[in-house]
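A short worksheet on the structure shown next.
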Amino acid sequence: MNHPWRQLLHVEPKAGWLNDPNGLSDFGGLHQLYYQSSPDDPAGGGRKCWAHRTSKDFFHWSEEETVLFPDLPEDRSGVYSGSAVVLPHEIRLFYTGNVKEPGEHDYILSGRQANVIAVTTLDGSTMSPKRVLLRNGDYPADCSCHVRDPKVWKEEGIWKMVLGARTRSDHGCVLLYHSEDLAHWTFASRCTKPDFGYMWECPDFFRLGDQGFLSVSPQGLQHEPYRYQNVYQSGYFPVTGRLEEGQLGEFAEWDYGFDFYAPQTYQTADGRRVLYGWMGIPDGDYRNPTTDLGWQHCLTLPREVEAENAVLFQRPVREMEGLLDPPEAVSSNGVLPPACVLKLTRTAPCFALTLAEGLKLEYQEETGVFALDFTDEALGAGRKRRQSKGMACRRLEIVVDTSSVEVYLDGGRQVFSSRFYPRTHPVQYALTGATGTVCAVSL
């Protein structure tokens with residue numbers, strides 16, 4: 001029998017540890033989802049591999065065999081994050097082969113190899129021999145040993161690759177490479193912002209219309225009351241012109257909740273830009289009690305990403321609407337189905353929704369502050385409060401799974417994602433200052 005914290009909507013491992021989404025692609029009529037996996041240890045130790053799942057609709061998944069293992073000298077310490085390119089009859093996968101050398105090293109300035117490695121698959125599952133494309137000596141001389149997470153795409157008739165990097169003087173940046181054949185790569189330029197973290201992980205570049213966006217996960221940002229509240233952040237820069245020119249606009253966070261990191265996007269066969277994030281975070285000061293049960297972490301829901309005036313909006317993929325039971329009106333209190341969607345409209349200056357008697361979502365019109373606040377420490381497993389300022393918070397779409405919540409404000413201009421661990425099911429709720437509906441999700 002499944003544990004009550006086993007989720008219904010979110011991808012999570014049966015055993016072991018899950019982190020970054022990788023190699024997202026639409027190939028052979030299926031959504032190909034890879035993710036970093038430590039199958040031997042729910043705390044993240046042991047082998048670092050790529051697990052694989054496929055789906056026609058984002059919600060009914062086939063769990064395939066693990067596809068990439070650390071079995072080369074150039075990836076012996078872990079198959080780290082990367083991306084996919086869909087070609088007419090194959091997928092080309094690119095990832096970082098991590099190597100930690102023995103000896104007295106800090107593994108920042110010495111002792112680490114970061115190798116860009118490529119493999120090809122004709123079916124999404126069977127992998128070709130690995131080919132090493134870039135090594136430490138191929139990166140700019142002022143870079144540390146921390147260069148990783150290749151994202152590859154085609155633009156202007158050439159192949160482009162971005163890599164997240166940390167310089168030897170502790171400045172985060174993105175390295176841009178060009179290629180004519182996906183095999184031989186030449187350094188082109190770098191993108192950075194002064195005094196904006198010491199390491200930029202998991203870069204991604206895409207365009208929506210004529211507007212470009214560079215997504216990164218910077219480490220080392222100074223925390224502020226209403227932004228940059230996690231140990232590490234994830235967000236995007238609007239890009240003016242070509243990425244090679246490095247004209248980055250103002251950074252905006254993808255998600256203000258406790259559990260979000262290392263997002264990656266891809267374009268579906270019907271032209272949508274879809275994002276997955278890791279619904280977790282490295283080095284956090286809170287925990288996930290499923291670790292004691294043998295598994296840890298999940299991915300976010302797949303989210304459609306759209307742009308308006310260089311601002312990105314996120315919403316659950318439209319396929320989820322087809323899973324919803326007929327709506328029922330919410331009341332001032334009640335119980336929720338195991339997985340459900342609440343669609344609420346704020347009707348008063350103060351709004352509050354309490355879940356499981358200890359997770360409070362609230363908005364004060366006078367201050368313009370929206371907060372996700374755990375009043376029950378056990379329910380949040382050490383999570384306390386995350387907040388943002390400046391939203392109207394007129395409409396809320398809240399997706400509740402058995403041990404997670406995703407909150408989309410005003411059409412998804414801001415999102416809050418968090419794990420939570422109710423002691424009992426079904427989850428109780430209490431609502432003030434809003435009306436709306438709740439729909440059970442049936443898979």
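In the structure tokens, chains take letters A, B, ... by order of appearance, with residues numbered from 1 within each chain and ligands from 1 in the order shown.
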**Report entry** Residues near segment 310-315 of chain A, cut-off 12 Å, only C-alpha atoms, skip fewer than 4 positions along chain, as a VMD selection string
**Finding:** chain A and resid 206 to 215 235 to 240 248 to 255 265 272 to 277 300 to 306 319 to 321 396 to 399 406 to 416
Requested in this report: Check the DSSP output for the backbone and give back, as a PyMOL selection string, the residues of segment 74-202 of chain A in strand (DSSP E).
Outcome: chain A and resi 78-87+90-100+112-121+131-134+143-155+158-167+172-179+185-191+199-202
Query - Distance query Asp195 of chain A at most 10 Å, only C-alpha atoms, self and fewer than 3 positions along chain excluded, as a list of chain:residue names - result: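 What passes the distance filter is A:Asp170, A:His171, A:Gly172, A:Thr192, A:Tyr198, A:Gly220, A:Leu221, A:Gln222.
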Query raised in the report: Smallest atom-to-atom distance to Gly358 of chain A: which of A:Asn2, A:Gln428, A:Thr186, A:Ser331, using only C-alpha atoms?
Result: A:Gln428
Query raised in the report: Between A:Asn98, A:Gln7, A:Thr167, A:Thr126, which is the closest to Val441 of chain A once you count only C-alpha atoms?
Result: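 Using only C-alpha atoms, the shortest distance to Val441 of chain A belongs to A:Gln7.
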Query raised in the report: Pick the closest to Ile158 of chain A from A:Ala188, A:Pro327, A:Pro4, A:Gln364: which is it, counting only C-alpha atoms?
Result: A:Ala188
Query - Length of the atom CA of Arg423 of chain A to atom CA of Leu323 of chain A vector [Å] - result: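 Going from atom CA of Arg423 of chain A over to atom CA of Leu323 of chain A, I get 26.5 Å.
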Query - Among the residues A:Gly46, A:Gly436, A:Gly257, A:Pro73, the one that comes closest to Ser417 of chain A [using only C-alpha atoms] - result: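 Looking at the shortest contact to Ser417 of chain A, the residue is A:Gly257.
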Query raised in the report: Mind pulling up the distance from atom CA of Ser55 of chain A to atom CA of Val405 of chain A?
Result: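 Straight-line distance from atom CA of Val405 of chain A to atom CA of Ser55 of chain A works out to 22.4 Å.
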Requested in this report: Fewer than 4 positions away in the same chain doesn't count, so skip those; otherwise give me all residues within 9 Å of Glu362 of chain A, counting only C-alpha atoms, as a list of chain:residue names.
Outcome: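 Final neighbour list, sorted by chain and number: A:Cys350, A:Phe351, A:Ala352, A:Leu353, A:Thr354, A:Val369, A:Phe370, A:Ala371, A:Leu372, A:Asp373.
For Asp41 of chain A, the set of protein, DNA and RNA residues having any atom at most 9 Å away, when counting only C-alpha atoms and skipping those fewer than 4 positions along the same chain, is Ala15, Gly16, Trp17, Gly45, Gly46, Arg47, Thr291, Gly294 and Trp295 of chain A.
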Selection from above, N, CA, C and O atoms, as a JSON list (two decimals), in the first residue's frame, can you write it?
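File produced: again.json:
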[["chain", "number", "residue", "atom", "x", "y", "z"],
["A", 15, "ALA", "N", 12.44, 4.87, -5.23],
["A", 15, "ALA", "CA", 13.46, 4.73, -4.21],
["A", 15, "ALA", "C", 14.62, 5.63, -4.57],
["A", 15, "ALA", "O", 14.85, 5.94, -5.74],
["A", 16, "GLY", "N", 15.36, 6.07, -3.55],
["A", 16, "GLY", "CA", 16.53, 6.90, -3.80],
["A", 16, "GLY", "C", 16.19, 8.38, -3.88],
["A", 16, "GLY", "O", 15.16, 8.85, -3.41],
["A", 17, "TRP", "N", 17.09, 9.10, -4.50],
["A", 17, "TRP", "CA", 17.09, 10.56, -4.54],
["A", 17, "TRP", "C", 16.85, 11.04, -5.96],
["A", 17, "TRP", "O", 17.39, 10.48, -6.92],
["A", 45, "GLY", "N", 23.66, 10.19, -1.77],
["A", 45, "GLY", "CA", 24.97, 9.60, -1.92],
["A", 45, "GLY", "C", 24.98, 8.52, -2.99],
["A", 45, "GLY", "O", 23.98, 8.24, -3.65],
["A", 46, "GLY", "N", 26.15, 7.91, -3.18],
["A", 46, "GLY", "CA", 26.25, 6.82, -4.15],
["A", 46, "GLY", "C", 26.33, 7.31, -5.58],
["A", 46, "GLY", "O", 26.70, 8.46, -5.86],
["A", 47, "ARG", "N", 25.95, 6.43, -6.50],
["A", 47, "ARG", "CA", 26.06, 6.75, -7.93],
["A", 47, "ARG", "C", 25.14, 7.90, -8.32],
["A", 47, "ARG", "O", 24.02, 8.01, -7.84],
["A", 291, "THR", "N", 12.71, 10.82, 3.37],
["A", 291, "THR", "CA", 14.06, 10.23, 3.34],
["A", 291, "THR", "C", 14.13, 9.00, 4.23],
["A", 291, "THR", "O", 14.76, 8.00, 3.89],
["A", 294, "GLY", "N", 12.79, 5.99, 2.42],
["A", 294, "GLY", "CA", 13.51, 5.41, 1.29],
["A", 294, "GLY", "C", 13.51, 6.22, 0.02],
["A", 294, "GLY", "O", 14.12, 5.80, -0.97],
["A", 295, "TRP", "N", 12.83, 7.38, -0.01],
["A", 295, "TRP", "CA", 12.89, 8.21, -1.22],
["A", 295, "TRP", "C", 12.86, 9.68, -0.82],
["A", 295, "TRP", "O", 12.44, 10.04, 0.28]]
Check which residues of segment 181-216 of chain A sit at most 12 Å from segment 113-121 of chain A using only C-alpha atoms, and return one row each with the closest pair of atoms and their distance in Å to one decimal, ordered by chain and rising number, as JSON lines.
{"residue": "A:Leu182", "atom": "CA", "partner": "A:Ala118", "partner_atom": "CA", "distance": 9.0}
{"residue": "A:Ala183", "atom": "CA", "partner": "A:Ala118", "partner_atom": "CA", "distance": 8.4}
{"residue": "A:His184", "atom": "CA", "partner": "A:Ala118", "partner_atom": "CA", "distance": 11.3}
{"residue": "A:Trp185", "atom": "CA", "partner": "A:Val116", "partner_atom": "CA", "distance": 10.5}
Report task. For segment 383-386 of chain A, work out the shell of residues within 9 Å, counting only C-alpha atoms and skipping chain neighbours fewer than 6 positions away, then give it as JSON, numbers by chain. Result -> {"A": [225, 226, 227, 229, 230, 256, 257, 258, 285, 286, 287, 370, 371, 372, 373, 374, 375, 376, 377, 416, 418, 419, 420]}
Query raised in the report: Hey, what's within 9 Å of Glu101 of chain A if we count only C-alpha atoms and toss same-chain stuff fewer than 5 positions away? As a list in words, please?
Result: Ser77, Tyr107, Ser110, Gly111, Arg112 and Gln113 of chain A
Any chance you can output those residues with N, CA, C and O atoms as a PDB file, in the first residue's frame?
ATOM      1  N   SER A  77      32.761  10.283 -11.256  1.00  0.00           N
ATOM      2  CA  SER A  77      32.177  10.802 -10.016  1.00  0.00           C
ATOM      3  C   SER A  77      30.730  11.240 -10.183  1.00  0.00           C
ATOM      4  O   SER A  77      30.132  11.754  -9.237  1.00  0.00           O
ATOM      5  N   TYR A 107      38.444  21.298  -4.696  1.00  0.00           N
ATOM      6  CA  TYR A 107      37.492  20.938  -5.749  1.00  0.00           C
ATOM      7  C   TYR A 107      36.793  22.159  -6.342  1.00  0.00           C
ATOM      8  O   TYR A 107      35.768  22.033  -7.009  1.00  0.00           O
ATOM      9  N   SER A 110      41.031  23.370  -7.765  1.00  0.00           N
ATOM     10  CA  SER A 110      41.820  22.209  -8.174  1.00  0.00           C
ATOM     11  C   SER A 110      41.081  20.932  -7.819  1.00  0.00           C
ATOM     12  O   SER A 110      40.190  20.916  -6.961  1.00  0.00           O
ATOM     13  N   GLY A 111      41.426  19.858  -8.521  1.00  0.00           N
ATOM     14  CA  GLY A 111      40.936  18.535  -8.164  1.00  0.00           C
ATOM     15  C   GLY A 111      39.645  18.099  -8.809  1.00  0.00           C
ATOM     16  O   GLY A 111      39.175  16.994  -8.540  1.00  0.00           O
ATOM     17  N   ARG A 112      39.056  18.911  -9.674  1.00  0.00           N
ATOM     18  CA  ARG A 112      37.777  18.542 -10.299  1.00  0.00           C
ATOM     19  C   ARG A 112      37.890  18.680 -11.813  1.00  0.00           C
ATOM     20  O   ARG A 112      38.385  19.676 -12.331  1.00  0.00           O
ATOM     21  N   GLN A 113      37.386  17.667 -12.509  1.00  0.00           N
ATOM     22  CA  GLN A 113      37.215  17.745 -13.956  1.00  0.00           C
ATOM     23  C   GLN A 113      35.729  17.927 -14.270  1.00  0.00           C
ATOM     24  O   GLN A 113      34.876  17.286 -13.645  1.00  0.00           O
TER      25      GLN A 113
END
Query - Nearest to Leu87 of chain A by atom-to-atom distance, counting only C-alpha atoms, from A:Arg190, A:Lys154, A:Arg242, A:His52 - result: A:Lys154
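What separates atom CA of Cys49 of chain A from atom CA of Val79 of chain A is a distance of 5.3 Å.
Considering only C-alpha atoms, the residue among A:Ala43, A:Leu93, A:Val335, A:Val216 positioned nearest to Met199 of chain A is A:Val216.
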